[in-house]
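Data block for run.txt (compact mmCIF, C-alpha atoms):
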```
# COMPACT_ATOMS: atom_id res chain seq x y z
CA MET A 1 0.00 0.00 0.00
CA ALA A 2 2.95 2.36 0.16
CA GLY A 3 3.27 4.99 -2.55
CA ASP A 4 6.47 6.21 -4.12
CA GLU A 5 8.19 9.58 -3.67
CA ARG A 6 6.33 11.08 -6.67
CA ASP A 7 2.93 10.26 -5.20
CA PRO A 8 3.24 8.92 -1.67
CA THR A 9 0.49 7.45 0.46
CA ARG A 10 -1.00 10.09 2.70
CA THR A 11 -2.08 9.16 6.23
CA TYR A 12 -4.83 10.86 8.21
CA ALA A 13 -4.93 9.65 11.81
CA GLY A 14 -7.60 9.83 14.45
CA ASP A 15 -7.61 8.15 17.86
CA ALA A 16 -9.44 5.05 16.62
CA ILE A 17 -8.46 4.73 12.95
CA GLU A 18 -5.79 5.72 10.44
CA VAL A 19 -6.92 6.45 6.91
CA HIS A 20 -4.40 5.82 4.15
CA TRP A 21 -4.94 7.43 0.75
CA GLU A 22 -2.84 6.62 -2.31
CA PRO A 23 -3.64 9.34 -4.87
CA ARG A 24 -2.09 7.51 -7.84
CA LEU A 25 -4.81 4.85 -7.55
CA CYS A 26 -7.73 7.22 -7.01
CA ILE A 27 -10.06 7.64 -9.99
CA HIS A 28 -12.54 9.79 -8.06
CA THR A 29 -15.57 7.52 -8.03
CA ARG A 30 -16.52 9.51 -4.90
CA ASN A 31 -17.97 6.52 -3.03
CA CYS A 32 -16.24 7.81 0.10
CA VAL A 33 -17.59 11.36 -0.35
CA ARG A 34 -21.15 10.14 -0.95
CA GLY A 35 -20.97 7.65 1.90
CA LEU A 36 -19.44 9.87 4.59
CA PRO A 37 -19.20 13.51 3.49
CA GLN A 38 -18.37 14.74 6.99
CA VAL A 39 -15.16 12.65 6.85
CA PHE A 40 -14.28 12.81 3.13
CA ASP A 41 -14.53 16.40 1.86
CA PRO A 42 -12.50 17.04 -1.31
CA ASP A 43 -12.85 20.82 -0.83
CA ALA A 44 -11.34 20.78 2.69
CA ARG A 45 -7.66 20.62 3.67
CA PRO A 46 -6.93 18.09 4.91
CA TRP A 47 -9.65 16.39 2.90
CA VAL A 48 -9.99 13.49 5.39
CA ALA A 49 -11.20 14.19 8.93
CA ALA A 50 -10.59 10.88 10.71
CA GLU A 51 -12.30 12.12 13.90
CA ALA A 52 -15.54 13.23 12.19
CA ALA A 53 -17.26 9.82 12.49
CA ASP A 54 -16.81 6.60 14.41
CA ALA A 55 -14.19 4.13 13.22
CA ASP A 56 -16.74 1.52 12.13
CA ALA A 57 -18.48 4.00 9.81
CA ILE A 58 -15.18 5.18 8.36
CA ALA A 59 -14.05 1.58 7.76
CA ARG A 60 -17.34 0.76 6.00
CA ALA A 61 -17.02 3.83 3.76
CA ILE A 62 -13.40 3.01 2.88
CA GLU A 63 -14.31 -0.56 1.96
CA THR A 64 -16.59 0.86 -0.77
CA CYS A 65 -13.56 2.39 -2.52
CA PRO A 66 -13.31 0.27 -5.67
CA THR A 67 -9.71 1.14 -6.50
CA GLY A 68 -7.82 0.42 -3.30
CA ALA A 69 -6.77 4.08 -3.12
CA LEU A 70 -8.25 4.17 0.40
CA HIS A 71 -7.34 1.75 3.16
CA TYR A 72 -7.42 1.93 6.92
CA ARG A 73 -5.73 0.61 10.01
CA ARG A 74 -7.80 0.27 13.14
CA LEU A 75 -6.06 1.68 16.22
CA ASP A 76 -8.90 0.82 18.61
CA GLY A 77 -8.73 -2.98 18.30
CA GLY A 78 -11.60 -3.00 15.80
CA THR A 79 -11.77 -5.39 12.89
CA GLN A 80 -9.34 -4.84 10.02
CA GLU A 81 -10.55 -5.29 6.44
CA THR A 82 -11.12 -8.90 5.46
CA PRO A 83 -11.00 -9.61 1.73
CA PRO A 84 -13.66 -11.82 0.19
CA GLU A 85 -12.72 -15.50 -0.02
CA GLN A 86 -13.26 -15.57 -3.76
CA ILE A 87 -11.69 -13.21 -6.28
CA THR A 88 -14.28 -11.40 -8.38
CA ILE A 89 -13.74 -9.30 -11.50
CA GLU A 90 -16.51 -6.87 -12.43
CA PRO A 91 -16.24 -5.07 -15.76
CA ARG A 92 -17.68 -1.58 -15.32
CA PRO A 93 -19.67 -0.16 -18.24
CA ASN A 94 -17.31 2.04 -20.27
CA GLY A 95 -14.71 1.77 -17.53
CA PRO A 96 -12.19 -0.38 -15.70
CA LEU A 97 -12.27 -3.87 -14.27
CA PHE A 98 -13.06 -3.77 -10.55
CA VAL A 99 -11.23 -6.63 -8.83
CA ARG A 100 -12.02 -7.85 -5.30
CA GLY A 101 -10.30 -10.50 -3.18
CA ARG A 102 -6.73 -11.34 -2.23
CA VAL A 103 -5.09 -10.12 -5.41
CA GLN A 104 -1.45 -10.13 -6.37
CA ILE A 105 -0.30 -8.23 -9.49
CA VAL A 106 3.04 -9.32 -10.93
CA ASP A 107 5.20 -7.81 -13.68
CA ASN A 108 6.64 -9.62 -16.70
CA ASP A 109 9.50 -10.93 -14.58
CA GLY A 110 7.17 -12.35 -11.92
CA HIS A 111 7.93 -9.63 -9.35
CA VAL A 112 4.98 -8.60 -7.22
CA ILE A 113 4.12 -4.98 -7.93
CA ARG A 114 0.98 -4.85 -5.77
CA GLU A 115 -0.97 -6.96 -3.31
CA ASP A 116 -4.38 -5.62 -2.43
CA THR A 117 -8.01 -6.45 -1.68
CA ARG A 118 -9.54 -3.95 -4.13
CA LEU A 119 -8.21 -2.78 -7.49
CA ALA A 120 -9.38 -1.00 -10.62
CA LEU A 121 -7.51 -2.29 -13.65
CA CYS A 122 -7.35 -0.43 -16.96
CA ARG A 123 -9.10 -1.95 -19.94
CA CYS A 124 -9.22 1.07 -22.25
CA GLY A 125 -5.45 1.03 -22.85
CA ALA A 126 -4.98 4.76 -22.20
CA SER A 127 -3.96 4.71 -18.53
CA GLN A 128 -0.63 6.31 -17.69
CA ASN A 129 -0.57 4.11 -14.56
CA LYS A 130 -0.96 0.64 -16.14
CA PRO A 131 -2.06 -1.89 -15.18
CA PHE A 132 -4.15 0.34 -12.90
CA CYS A 133 -6.93 2.60 -14.08
CA ASP A 134 -6.24 6.33 -13.89
CA GLY A 135 -9.61 7.51 -15.20
CA SER A 136 -8.39 7.94 -18.79
CA HIS A 137 -11.42 6.00 -20.04
CA ARG A 138 -13.53 9.11 -19.38
CA ARG A 139 -11.07 11.39 -21.20
CA ILE A 140 -10.93 9.25 -24.34
CA GLY A 141 -14.63 8.33 -24.40
CA PHE A 142 -13.99 4.59 -24.02
CA GLN A 143 -17.09 2.53 -24.84
CA THR A 144 -17.51 -1.15 -24.06
CA PRO A 145 -19.29 -3.26 -26.64
CA ALA A 146 -22.73 -4.68 -25.80
CA THR A 147 -22.39 -8.20 -24.45
CA THR A 148 -23.40 -11.04 -26.71
CA SER A 149 -25.26 -12.80 -23.89
CA ALA A 150 -27.49 -9.77 -23.38
CA ARG A 151 -28.36 -9.72 -27.10
CA ALA A 152 -28.72 -13.48 -27.43
CA GLY A 153 -31.00 -13.92 -24.42
CA ALA A 154 -30.87 -16.89 -22.09
CA SER A 155 -29.15 -19.94 -23.50
```
Would you put the structure from the file into structure tokens?
Amino acid sequence: MAGDERDPTRTYAGDAIEVHWEPRLCIHTRNCVRGLPQVFDPDARPWVAAEAADADAIARAIETCPTGALHYRRLDGGTQETPPEQITIEPRPNGPLFVRGRVQIVDNDGHVIREDTRLALCRCGASQNKPFCDGSHRRIGFQTPATTSARAGAS
């Protein structure tokens, strides 16, 4: 979960929970903002107020982040995030692949470049942060084709 020097992970700590944000993975789906606007306010500085809600609510909001840009560490003995047992891949209409589970991304040489529980992977080809989505699909107007199963009906 650590970022590099160009775009490091930012940590926002409260008494009960630490919120970790990795900007290079954030594609601004705004799940956090919609779910807990008193904690996640993109117009405020700092934009995360880790004391503005209880740790359970903050953890639930963070777990809705589809990209893995947000994570948390409980400081109060509360439950840490548990990934689903099964890996799921959900293609988003005109967007990335949302991946859930214990995921390990490796490079061409087999070196692990990321281990995470939530990822958004590029499928438009335009990301400058491959294999991760950077939101370029919106900029280039990426469109996914209609699925053949939807056209063919139940088989």
Go through segment 31-123 of chain A and flag each residue having an atom no more than 8 Å from segment 134-148 of chain A; for those, report the closest pair of atoms plus their distance in Å to one decimal, using only C-alpha atoms, ordered by chain and rising number, as JSON lines.
```
{"residue": "A:Pro93", "atom": "CA", "partner": "A:Thr144", "partner_atom": "CA", "distance": 6.3}
{"residue": "A:Asn94", "atom": "CA", "partner": "A:Gln143", "partner_atom": "CA", "distance": 4.6}
{"residue": "A:Gly95", "atom": "CA", "partner": "A:His137", "partner_atom": "CA", "distance": 5.9}
{"residue": "A:Pro96", "atom": "CA", "partner": "A:His137", "partner_atom": "CA", "distance": 7.8}
{"residue": "A:Cys122", "atom": "CA", "partner": "A:Asp134", "partner_atom": "CA", "distance": 7.5}
```
Write out as a PDB file with C-alpha atoms, keeping the file's coordinate frame which residues come within 6 Å of segment 101-117 of chain A when counting only C-alpha atoms, dropping same-chain ones fewer than 5 positions away.
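Listed below is the output, part.pdb:
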```
ATOM      1  CA  PRO A  83     -11.000  -9.610   1.730  1.00  0.00           C
ATOM      2  CA  PRO A  84     -13.660 -11.820   0.190  1.00  0.00           C
ATOM      3  CA  GLN A  86     -13.260 -15.570  -3.760  1.00  0.00           C
ATOM      4  CA  ILE A  87     -11.690 -13.210  -6.280  1.00  0.00           C
TER       5      ILE A  87
END
```
Neighbour residues at most 12 Å from (-18.7, 8.1, 2.7) (all atoms listed in the file) as a PyMOL selection string: chain A and resi 29-42+48-50+52-54+56-65+70
Point-to-point distance from atom CA of Ala16 of chain A to atom CA of Arg118 of chain A, Å rounded to tenths: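 Those two atoms sit 22.6 Å apart.
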Residue nearest Gln80 of chain A among A:Pro66, A:Val19, A:Cys133, A:Gly125 (counting only C-alpha atoms):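 The closest residue to Gln80 of chain A is A:Val19.
The space between atom CA of Ser127 of chain A and atom CA of Thr9 of chain A spans 19.7 Å.
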Å distance separating atom CA of Ala69 of chain A from atom CA of Pro23 of chain A, one decimal place: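 If I compute the distance from atom CA of Ala69 of chain A to atom CA of Pro23 of chain A, I get 6.4 Å.
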Local residues around (-9.0, 4.2, -7.7), at most 7 Å away, using all atoms listed in the file, as a list in words: Leu25, Cys26, Ile27, His28, Pro66, Thr67, Gly68, Ala69, Ala120 and Cys133 of chain A
Which residue of A:Ile17, A:Phe132, A:Arg10, A:Arg45 approaches Thr79 of chain A most closely, using all atoms listed in the file: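 The closest residue to Thr79 of chain A is A:Ile17.
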Near-Thr11 of chain A list (7 Å; all atoms listed in the file; drop same-chain fewer than 6 positions) as a list in words: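 Returned residues: Glu18, Val19, His20 and Trp21 of chain A.
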